[in-house]
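Notes follow the structure.
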Amino acid sequence: MKHSPIAERNPVLLVVDDEPFNQFAISEFLEGSGCLLESAQSAEEAWDTLVDNPDKFDAVLLDRFMQGMDGLDLLRRIKRHDRLKLLPVILQTSASSAEQIAEGLYEGAFYYLAKPFKPEVIRAVVATAVRDRSERLHMRESEQNWHTLTHLTQAQFSFRTPQEARYIADWLSRLCPSRQLAHLGLVELMLNAVEHGNLGLTYDEKTHFLAHSALPDEIERRLDLPEYKEKVASIHFSRADRCLRFTIQDQGQGFDWQPFLEMSMERIMDNHGRGIAMARSLAFSRLDYLGCGNCVAAEISLASAEPYPPA
């Protein structure tokens with residue numbers, strides 16, 4: 001397998017904050033992580049740096065509130081820029097308003113870091129963002145001829161591992177009007193099927209393993225256990241006249257999915273738990289969990305979009 005260039009070098013992070021103390025604290029907390037840090041004192045300076053070097057950075061740590069252009073304005077610019085839109089942006093804030101936090105997430109923030117910073121949370125979030133960036137770049141590098149997808153009306157895939165889920169999501173997202181948003185939503189639902197469904201990871205367990213940068217190792221461990229080794233999840237795709245339909249099924253016992261359909265202030269600062277709400281709000285025109293929660297059906301409307309954009 002060809003590895004992304006990120007795997008062959010130290011990740012480079014851009015820290016954007018107009019408070020020197022915050023810059024220093026982040027630098028101290030990430031010491032020994034293998035990351036190289038560059039700084040910008042304002043959103044304007046950061047924008048110029050990013051536009052001049054669109055492929056240099058692997059993540060941005062961005063203060064939400066600054067003089068002049070604020071962090072949310074910079075986030076919007078990044079997400080509209082063709083070369084920068086896949087760059088993970090981690091917002092830093094002391095805001096306690098669920099609406100303010102949700103606004104940043106809906107604009108495309110990878111994560112929200114609460115001030116005062118916790119070293120273990122910063123390290124875990126940065127590691128996850130860099131890994132996500134690496135996987136997305138690898139997918140971009142493995143472009144193929146996708147013209148035959150215009151003739152696809154139905155497909156079914158089985159998957160067992162997070163890597164398989166991401167590859168299938170990348171493939172299916174090419175059928176959708178907004179590939180990036182579709183990929184976000186499909187990955188979230190498919191990873192839930194693997195992690196929480198087939199492998200039985202609880203919410204609290206995932207919180208713990210993410211905080212200690214141990215989730216990939218724990219998933220690998222569980223995949224090898226006899227009770228999980230034969231479990232697979234599936235995704236079925238079909239195209240109707242005006243929508244794309246995806247049905248994802250796992251072999252778990254289900255879960256109480258109702259609390260996860262909307263943003264919750266109780267979970268807004270957790271290191272996970274927002275993905276279903278994000279997928280429902282941003283990626284899909286309709287999302288329904290069925291039965292006990294081990295099956296989810298999602299739709300993407302084609303009412304006002306070309307169904308098969310260029311890859």
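Residue numbering restarts at 1 in every chain; chains get A, B, ... in the order shown in the structure tokens, and ligands count up from 1 in that same order.
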Q: Might you pull out every residue within 7 Å of A:Leu37, with only C-alpha atoms counted and same-chain residues fewer than 6 positions away left off, and present them as a list in words?
A: Val12, Leu13, Leu14 and Val15 of chain A
Written file, previous selection with all heavy atoms, as a PDB file, in the first residue's frame:
```
ATOM      1  N   VAL A  12       3.047  19.045  10.359  1.00  0.00           N
ATOM      2  CA  VAL A  12       3.262  20.472  10.578  1.00  0.00           C
ATOM      3  C   VAL A  12       1.925  21.118  10.936  1.00  0.00           C
ATOM      4  O   VAL A  12       0.942  20.987  10.187  1.00  0.00           O
ATOM      5  CB  VAL A  12       3.847  21.146   9.317  1.00  0.00           C
ATOM      6  CG1 VAL A  12       4.129  22.617   9.594  1.00  0.00           C
ATOM      7  CG2 VAL A  12       5.118  20.426   8.869  1.00  0.00           C
ATOM      8  N   LEU A  13       1.891  21.795  12.078  1.00  0.00           N
ATOM      9  CA  LEU A  13       0.667  22.427  12.561  1.00  0.00           C
ATOM     10  C   LEU A  13       0.827  23.945  12.531  1.00  0.00           C
ATOM     11  O   LEU A  13       1.895  24.471  12.838  1.00  0.00           O
ATOM     12  CB  LEU A  13       0.352  21.995  13.995  1.00  0.00           C
ATOM     13  CG  LEU A  13       0.386  20.500  14.311  1.00  0.00           C
ATOM     14  CD1 LEU A  13       0.022  20.275  15.769  1.00  0.00           C
ATOM     15  CD2 LEU A  13      -0.553  19.732  13.393  1.00  0.00           C
ATOM     16  N   LEU A  14      -0.254  24.634  12.185  1.00  0.00           N
ATOM     17  CA  LEU A  14      -0.281  26.094  12.261  1.00  0.00           C
ATOM     18  C   LEU A  14      -1.142  26.489  13.455  1.00  0.00           C
ATOM     19  O   LEU A  14      -2.336  26.164  13.508  1.00  0.00           O
ATOM     20  CB  LEU A  14      -0.855  26.690  10.974  1.00  0.00           C
ATOM     21  CG  LEU A  14      -0.929  28.227  10.940  1.00  0.00           C
ATOM     22  CD1 LEU A  14       0.466  28.843  11.034  1.00  0.00           C
ATOM     23  CD2 LEU A  14      -1.640  28.707   9.673  1.00  0.00           C
ATOM     24  N   VAL A  15      -0.543  27.164  14.428  1.00  0.00           N
ATOM     25  CA  VAL A  15      -1.244  27.606  15.627  1.00  0.00           C
ATOM     26  C   VAL A  15      -1.575  29.082  15.452  1.00  0.00           C
ATOM     27  O   VAL A  15      -0.684  29.923  15.323  1.00  0.00           O
ATOM     28  CB  VAL A  15      -0.381  27.390  16.884  1.00  0.00           C
ATOM     29  CG1 VAL A  15      -1.159  27.810  18.131  1.00  0.00           C
ATOM     30  CG2 VAL A  15       0.055  25.933  16.990  1.00  0.00           C
TER      31      VAL A  15
END
```
Q: as a PyMOL selection string, please: all residues of stretch 29-228 of chain A that backbone DSSP puts in strand (DSSP E or B).
A: chain A and resi 36-40+59-63+89-93+111-114+154-159
Q.
Neighbouring residues of A:Asp82 were defined as those with any atom within 12 Å, considering only C-alpha atoms; residues of the same chain fewer than 5 positions away were excluded. Please report them as a PyMOL selection string.
A. chain A and resi 51+54-55+77+87+180
Q.
For a quick check of understanding, using only C-alpha atoms, which of A:Pro162, A:Pro216, A:Pro177, A:Gly108 has the smallest distance to A:Ala233?
A.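 Closest candidate: A:Pro162.
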Q: Considering only C-alpha atoms, state which residue in the set A:Ala193, A:Val187, A:Val126, A:Leu199 is at the smallest distance from A:Tyr111.
A: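 Closest to A:Tyr111 of all the choices is A:Val126.
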Q | alpha helix (DSSP H) positions in stretch 29-240 of chain A, given as a count of residues only | A | 101
Q: With a distance cut-off of 7 Å and only C-alpha atoms, select the neighbouring residues of A:Lys115, excluding the residue or stretch itself and same-chain residues fewer than 6 positions from it, and output the selection as number ranges by chain.
A: A: 92-94
Got time to write the residues from that selection, all heavy atoms, as an mmCIF file, in the first residue's frame?
```cif
data_model
loop_
_atom_site.group_PDB
_atom_site.id
_atom_site.type_symbol
_atom_site.label_atom_id
_atom_site.label_comp_id
_atom_site.auth_asym_id
_atom_site.auth_seq_id
_atom_site.Cartn_x
_atom_site.Cartn_y
_atom_site.Cartn_z
ATOM 1 N N GLN A 92 -10.276 26.637 19.103
ATOM 2 C CA GLN A 92 -10.065 26.813 20.538
ATOM 3 C C GLN A 92 -11.029 27.888 21.021
ATOM 4 O O GLN A 92 -11.181 28.920 20.364
ATOM 5 C CB GLN A 92 -8.642 27.276 20.831
ATOM 6 C CG GLN A 92 -7.550 26.532 20.112
ATOM 7 C CD GLN A 92 -6.287 27.382 20.053
ATOM 8 O OE1 GLN A 92 -5.952 28.092 20.980
ATOM 9 N NE2 GLN A 92 -5.593 27.317 18.931
ATOM 10 N N THR A 93 -11.671 27.653 22.166
ATOM 11 C CA THR A 93 -12.629 28.634 22.641
ATOM 12 C C THR A 93 -12.831 28.519 24.137
ATOM 13 O O THR A 93 -12.657 27.450 24.728
ATOM 14 C CB THR A 93 -13.985 28.462 21.940
ATOM 15 O OG1 THR A 93 -14.871 29.497 22.350
ATOM 16 C CG2 THR A 93 -14.619 27.122 22.291
ATOM 17 N N SER A 94 -13.220 29.631 24.733
ATOM 18 C CA SER A 94 -13.690 29.623 26.117
ATOM 19 C C SER A 94 -15.199 29.770 26.150
ATOM 20 O O SER A 94 -15.796 29.915 27.217
ATOM 21 C CB SER A 94 -13.035 30.772 26.901
ATOM 22 O OG SER A 94 -13.265 32.006 26.247
#
```
Q) Which distance in Å separates atom CA of A:Leu186 and atom CA of A:Glu227, to one decimal? A) 25.8 Å
**Q.** Within 9 Å of A:Cys295 using only C-alpha atoms, minus same-chain residues under 6 positions, as a ChimeraX atom specification
**A.** /A:193,247-250,254,288-289
Q | Test item: residues at most 12 Å from A:Arg76, only C-alpha atoms, excluding those fewer than 3 positions along its chain, as number ranges by chain | A | A: 43, 47, 64, 69-73, 79-81, 84-85, 87, 89, 103-109
Q: Name the closest residue to A:Arg221 among the candidates A:Ser33, A:Gln253, A:Thr161, A:Ser42; distances are taken between atoms, counting only C-alpha atoms.
A: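 Closest to A:Arg221, using only C-alpha atoms: A:Thr161.
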**Q.** Non-local contacts of A:Leu210 (8 Å; only C-alpha atoms; under 3 positions in same chain excluded) as a PyMOL selection string
**A.** chain A and resi 124-125+206-207+213-215+271
Q | Closest of A:Cys35, A:Ile276, A:Leu290, A:Ser285 to A:Asn192 - atom-to-atom distances counting only C-alpha atoms | A |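 The closest residue to A:Asn192 is A:Ile276.
Between A:Asp58 and the residues A:Thr202, A:Ser134, A:Gln41, A:Gln23, the shortest atom-to-atom distance, using only C-alpha atoms, involves A:Ser134.
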Q. Of the candidates A:Leu91, A:Glu45, A:Asp132, A:Leu181, which one gets nearest to A:Leu113 if we count only C-alpha atoms?
A.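 Counting only C-alpha atoms, the residue closest to A:Leu113 is A:Leu91.
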